[in-house]
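Here is work.csv, consisting of CSV, C-alpha atoms:
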chain,number,residue,atom,x,y,z
Q,1,MET,CA,44.2,-6.6,95.7
Q,2,GLU,CA,43.4,-9.5,97.8
Q,3,LYS,CA,43.1,-7.3,100.8
Q,4,LEU,CA,40.5,-5.2,98.9
Q,5,GLN,CA,38.5,-8.3,98.0
Q,6,GLU,CA,38.6,-9.5,101.5
Q,7,PHE,CA,37.6,-6.1,102.8
Q,8,CYS,CA,34.7,-5.9,100.3
Q,9,LYS,CA,33.5,-9.4,101.3
Q,10,SER,CA,33.6,-8.7,105.0
Q,11,HIS,CA,32.1,-5.1,104.7
Q,12,ILE,CA,29.8,-5.5,101.8
Q,13,VAL,CA,26.8,-5.0,103.9
Q,14,ASP,CA,28.3,-1.9,105.4
Q,15,VAL,CA,29.2,-0.5,102.0
Q,16,PHE,CA,25.7,-1.4,100.7
Q,17,MET,CA,24.1,0.3,103.7
Q,18,CYS,CA,26.2,3.5,103.2
Q,19,VAL,CA,25.3,3.6,99.5
Q,20,ALA,CA,21.6,3.0,100.4
Q,21,VAL,CA,21.7,5.8,103.1
Q,22,ILE,CA,23.4,8.2,100.6
Q,23,PHE,CA,20.8,7.4,97.9
Q,24,PHE,CA,18.0,7.8,100.5
Q,25,VAL,CA,19.4,11.2,101.6
Q,26,LEU,CA,19.8,12.3,98.0
Q,27,GLY,CA,16.2,11.1,97.2
Q,28,CYS,CA,14.8,13.0,100.2
Q,29,TRP,CA,16.7,16.1,99.3
Q,30,CYS,CA,15.5,15.9,95.7
Q,31,LEU,CA,11.9,15.4,96.9
Q,32,TYR,CA,12.3,18.3,99.3
Q,33,THR,CA,13.7,20.7,96.7
Q,34,ALA,CA,11.1,19.6,94.1
Q,35,ASN,CA,8.3,20.2,96.6
Q,36,ARG,CA,9.8,23.5,97.7
Q,37,THR,CA,10.1,24.6,94.1
Q,38,ALA,CA,6.5,23.6,93.4
Q,39,ASN,CA,5.4,25.6,96.5
Q,40,GLU,CA,7.4,28.6,95.4
Q,41,TYR,CA,6.1,28.3,91.9
Q,42,HIS,CA,2.6,28.1,93.3
Q,43,ASP,CA,3.2,31.2,95.4
Q,44,VAL,CA,4.7,33.0,92.4
Q,45,HIS,CA,1.8,31.9,90.2
Q,46,ASP,CA,-0.7,33.2,92.8
Q,47,THR,CA,1.2,36.5,93.0
Q,48,VAL,CA,1.2,36.9,89.3
Q,49,GLN,CA,-2.5,36.2,89.1
Q,50,GLN,CA,-3.1,38.7,91.8
Q,51,VAL,CA,-1.0,41.3,90.0
Q,52,LYS,CA,-2.9,40.6,86.8
Q,53,ALA,CA,-6.2,41.0,88.6
Q,54,ASP,CA,-5.0,44.2,90.2
Q,55,ASN,CA,-3.8,45.6,86.9
Q,56,ARG,CA,-7.1,44.7,85.3
Q,57,ASN,CA,-9.0,46.4,88.1
Q,58,ALA,CA,-6.7,49.5,87.9
Q,59,ARG,CA,-7.2,49.6,84.1
Q,60,GLN,CA,-11.0,49.5,84.6
Q,61,GLN,CA,-10.7,52.3,87.2
Q,62,ILE,CA,-8.5,54.4,84.9
Q,63,ASN,CA,-11.0,53.9,82.0
Q,64,SER,CA,-13.9,54.8,84.3
Q,65,ALA,CA,-12.0,57.9,85.5
Q,66,SER,CA,-11.2,58.8,81.9
Q,67,GLU,CA,-14.9,58.6,81.0
Q,68,GLN,CA,-15.9,60.7,84.0
Q,69,ILE,CA,-13.2,63.3,83.1
Q,70,GLU,CA,-14.4,63.4,79.5
Q,71,HIS,CA,-18.1,63.8,80.7
Q,72,ALA,CA,-17.0,66.5,83.1
Q,73,GLN,CA,-15.1,68.3,80.3
Q,74,LYS,CA,-18.2,68.2,78.1
Q,75,GLN,CA,-20.3,69.6,80.9
Q,76,LEU,CA,-17.7,72.3,81.5
Q,77,ASN,CA,-17.7,73.3,77.9
Q,78,VAL,CA,-21.5,73.5,77.9
Q,79,SER,CA,-21.3,75.6,81.0
Q,80,ILE,CA,-18.7,77.9,79.5
Q,81,LYS,CA,-20.9,78.4,76.4
Q,82,ARG,CA,-23.9,79.2,78.6
Q,83,THR,CA,-21.8,81.6,80.6
Q,84,ASP,CA,-20.6,83.3,77.5
Q,85,ARG,CA,-24.2,83.6,76.2
Q,86,ILE,CA,-25.4,85.0,79.6
Q,87,THR,CA,-22.4,87.4,79.6
Q,88,GLU,CA,-23.3,88.7,76.1
Q,89,ARG,CA,-27.0,89.1,77.1
Q,90,THR,CA,-25.9,91.0,80.2
Q,91,LYS,CA,-23.8,93.3,78.1
Q,92,GLN,CA,-26.8,93.8,75.8
Q,93,VAL,CA,-29.1,94.6,78.7
Q,94,LYS,CA,-26.5,97.0,80.1
Q,95,ARG,CA,-26.2,98.8,76.8
Q,96,ARG,CA,-30.0,99.1,76.7
Q,97,VAL,CA,-30.2,100.3,80.2
Q,98,ASP,CA,-27.4,102.9,79.4
Q,99,ASP,CA,-29.3,103.9,76.3
Q,100,ASN,CA,-32.5,104.2,78.3
Q,101,SER,CA,-30.8,106.2,81.0
Q,102,ARG,CA,-29.4,108.5,78.3
Q,103,ILE,CA,-32.9,108.9,76.8
Q,104,ILE,CA,-34.4,109.5,80.3
Q,105,GLY,CA,-31.7,112.1,81.0
Q,106,GLU,CA,-32.5,113.8,77.7
Q,107,CYS,CA,-36.3,113.7,78.5
Q,108,GLN,CA,-35.6,115.1,81.9
Q,109,ASN,CA,-33.6,117.9,80.3
Q,110,LEU,CA,-36.5,118.6,77.9
Q,111,ILE,CA,-39.0,118.6,80.8
Q,112,ASP,CA,-36.8,120.9,82.8
Q,113,SER,CA,-36.4,123.2,79.8
Q,114,GLY,CA,-40.2,123.0,79.2
Q,115,ARG,CA,-40.8,123.9,82.8
Q,116,ARG,CA,-38.5,126.9,82.5
Q,117,ASP,CA,-40.1,127.9,79.3
Q,118,VAL,CA,-43.6,127.6,80.9
Q,119,GLU,CA,-42.4,129.6,83.9
Q,120,GLU,CA,-41.0,132.2,81.5
Q,121,ALA,CA,-44.2,132.2,79.5
Q,122,ARG,CA,-46.2,132.6,82.7
Q,123,GLY,CA,-44.0,135.5,83.7
Q,124,ILE,CA,-44.5,137.1,80.3
Q,125,PHE,CA,-48.2,136.6,80.4
Q,126,ALA,CA,-48.3,138.0,84.0
Q,127,ASP,CA,-46.3,141.0,82.8
Q,128,VAL,CA,-48.6,141.5,79.8
Q,129,ASP,CA,-51.7,141.1,82.1
Q,130,GLN,CA,-50.1,143.6,84.5
Q,131,ALA,CA,-49.4,146.0,81.7
Q,132,ASN,CA,-52.9,145.7,80.4
Q,133,LYS,CA,-54.4,146.4,83.8
Q,134,GLY,CA,-52.3,149.5,84.1
Q,135,ASN,CA,-53.3,150.8,80.7
Q,136,GLY,CA,-57.0,150.0,81.2
Q,137,THR,CA,-57.1,147.8,78.1
Q,138,GLN,CA,-58.1,144.7,79.9
Q,139,THR,CA,-61.5,143.4,79.1
Q,140,ASN,CA,-63.8,141.6,81.5
Q,141,ARG,CA,-64.3,138.0,80.9
Q,142,THR,CA,-67.0,136.1,82.3
Is it possible to give me this structure as structure tokens?
Amino acid sequence: MEKLQEFCKSHIVDVFMCVAVIFFVLGCWCLYTANRTANEYHDVHDTVQQVKADNRNARQQINSASEQIEHAQKQLNVSIKRTDRITERTKQVKRRVDDNSRIIGECQNLIDSGRRDVEEARGIFADVDQANKGNGTQTNRT
């Protein structure tokens, strides 16, 4: 024990310096890790804030796109209704044209029949006139 006391007395400055260096190194290491942790936390915080901003921007774009899709859907529905009305009107016009064509066809048949009847009547009148000329029963008209 005496040797230990003697060693401590003669090397107390050396022991104190070693302890001081160890505490200095530990202190520097603690400051370094604290600073590094703070920097990493700052980087993480910035990243989280950027992600939040990106998410908010994406949400706004999604909402805007949803509104545009809804507006386009409404316009499409209106266009479909208009197309249906136009299609129905076209069908009505086609039915009228078909009816008119049928009526025109019937009228043309009547006209053709009338022309045949007129030709037949002219032939009959011509035959009657011819017969009357041959019999001498024709009267002079002035």
Atom-to-atom span, CA of Phe7 in chain Q and CA of Val19 in chain Q, Å: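 Computing the Euclidean distance for CA of Phe7 in chain Q and CA of Val19 in chain Q yields 16.0 Å.
The gap separating CA of Ser79 in chain Q from CA of Ile62 in chain Q is 25.1 Å, in Å to one decimal.
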Closest pair table for range 25-59 of chain Q residues within 12 Å of range 64-69 of chain Q, all atoms listed in the file, as a Markdown table:
| residue | atom | partner | partner_atom | distance |
| --- | --- | --- | --- | --- |
| Q:Asn57 | CA | Q:Ser64 | CA | 10.4 |
| Q:Ala58 | CA | Q:Ser64 | CA | 9.6 |
| Q:Arg59 | CA | Q:Ser64 | CA | 8.5 |
Atom-to-atom span, CA of Glu70 in chain Q and CA of Asp84 in chain Q, Å: 20.9 Å
Complete the atom set of range 67-80 of chain Q to N, CA, C and O atoms and return it as a PDB file, in the frame of the given file.
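Once written, result.pdb looks like this:
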ATOM      1  N   GLU Q  67     -13.506  58.296  81.429  1.00  0.00           N
ATOM      2  CA  GLU Q  67     -14.900  58.600  81.000  1.00  0.00           C
ATOM      3  C   GLU Q  67     -15.493  59.697  81.779  1.00  0.00           C
ATOM      4  O   GLU Q  67     -16.155  60.592  81.242  1.00  0.00           O
ATOM      5  N   GLN Q  68     -15.297  59.646  83.097  1.00  0.00           N
ATOM      6  CA  GLN Q  68     -15.900  60.700  84.000  1.00  0.00           C
ATOM      7  C   GLN Q  68     -15.218  62.038  83.669  1.00  0.00           C
ATOM      8  O   GLN Q  68     -15.908  63.063  83.653  1.00  0.00           O
ATOM      9  N   ILE Q  69     -13.918  62.037  83.428  1.00  0.00           N
ATOM     10  CA  ILE Q  69     -13.200  63.300  83.100  1.00  0.00           C
ATOM     11  C   ILE Q  69     -13.752  63.828  81.776  1.00  0.00           C
ATOM     12  O   ILE Q  69     -14.012  65.030  81.645  1.00  0.00           O
ATOM     13  N   GLU Q  70     -13.935  62.940  80.798  1.00  0.00           N
ATOM     14  CA  GLU Q  70     -14.400  63.400  79.500  1.00  0.00           C
ATOM     15  C   GLU Q  70     -15.854  63.943  79.635  1.00  0.00           C
ATOM     16  O   GLU Q  70     -16.170  64.983  79.059  1.00  0.00           O
ATOM     17  N   HIS Q  71     -16.686  63.269  80.433  1.00  0.00           N
ATOM     18  CA  HIS Q  71     -18.100  63.800  80.700  1.00  0.00           C
ATOM     19  C   HIS Q  71     -18.022  65.113  81.369  1.00  0.00           C
ATOM     20  O   HIS Q  71     -18.767  66.030  80.994  1.00  0.00           O
ATOM     21  N   ALA Q  72     -17.164  65.241  82.372  1.00  0.00           N
ATOM     22  CA  ALA Q  72     -17.000  66.500  83.100  1.00  0.00           C
ATOM     23  C   ALA Q  72     -16.542  67.612  82.164  1.00  0.00           C
ATOM     24  O   ALA Q  72     -16.990  68.757  82.252  1.00  0.00           O
ATOM     25  N   GLN Q  73     -15.612  67.280  81.264  1.00  0.00           N
ATOM     26  CA  GLN Q  73     -15.100  68.300  80.300  1.00  0.00           C
ATOM     27  C   GLN Q  73     -16.211  68.748  79.386  1.00  0.00           C
ATOM     28  O   GLN Q  73     -16.319  69.943  79.110  1.00  0.00           O
ATOM     29  N   LYS Q  74     -17.055  67.814  78.933  1.00  0.00           N
ATOM     30  CA  LYS Q  74     -18.200  68.200  78.100  1.00  0.00           C
ATOM     31  C   LYS Q  74     -19.143  69.120  78.840  1.00  0.00           C
ATOM     32  O   LYS Q  74     -19.606  70.120  78.293  1.00  0.00           O
ATOM     33  N   GLN Q  75     -19.431  68.762  80.096  1.00  0.00           N
ATOM     34  CA  GLN Q  75     -20.300  69.600  80.900  1.00  0.00           C
ATOM     35  C   GLN Q  75     -19.692  70.987  81.134  1.00  0.00           C
ATOM     36  O   GLN Q  75     -20.390  72.000  81.089  1.00  0.00           O
ATOM     37  N   LEU Q  76     -18.393  71.009  81.356  1.00  0.00           N
ATOM     38  CA  LEU Q  76     -17.700  72.300  81.500  1.00  0.00           C
ATOM     39  C   LEU Q  76     -17.783  73.131  80.283  1.00  0.00           C
ATOM     40  O   LEU Q  76     -18.042  74.341  80.353  1.00  0.00           O
ATOM     41  N   ASN Q  77     -17.592  72.513  79.117  1.00  0.00           N
ATOM     42  CA  ASN Q  77     -17.700  73.300  77.900  1.00  0.00           C
ATOM     43  C   ASN Q  77     -19.091  73.821  77.659  1.00  0.00           C
ATOM     44  O   ASN Q  77     -19.250  74.969  77.235  1.00  0.00           O
ATOM     45  N   VAL Q  78     -20.108  73.005  77.981  1.00  0.00           N
ATOM     46  CA  VAL Q  78     -21.500  73.500  77.900  1.00  0.00           C
ATOM     47  C   VAL Q  78     -21.705  74.659  78.827  1.00  0.00           C
ATOM     48  O   VAL Q  78     -22.308  75.672  78.465  1.00  0.00           O
ATOM     49  N   SER Q  79     -21.195  74.528  80.042  1.00  0.00           N
ATOM     50  CA  SER Q  79     -21.300  75.600  81.000  1.00  0.00           C
ATOM     51  C   SER Q  79     -20.625  76.871  80.587  1.00  0.00           C
ATOM     52  O   SER Q  79     -21.140  77.982  80.772  1.00  0.00           O
ATOM     53  N   ILE Q  80     -19.453  76.719  79.989  1.00  0.00           N
ATOM     54  CA  ILE Q  80     -18.700  77.900  79.500  1.00  0.00           C
ATOM     55  C   ILE Q  80     -19.507  78.569  78.389  1.00  0.00           C
ATOM     56  O   ILE Q  80     -19.608  79.805  78.362  1.00  0.00           O
TER      57      ILE Q  80
END
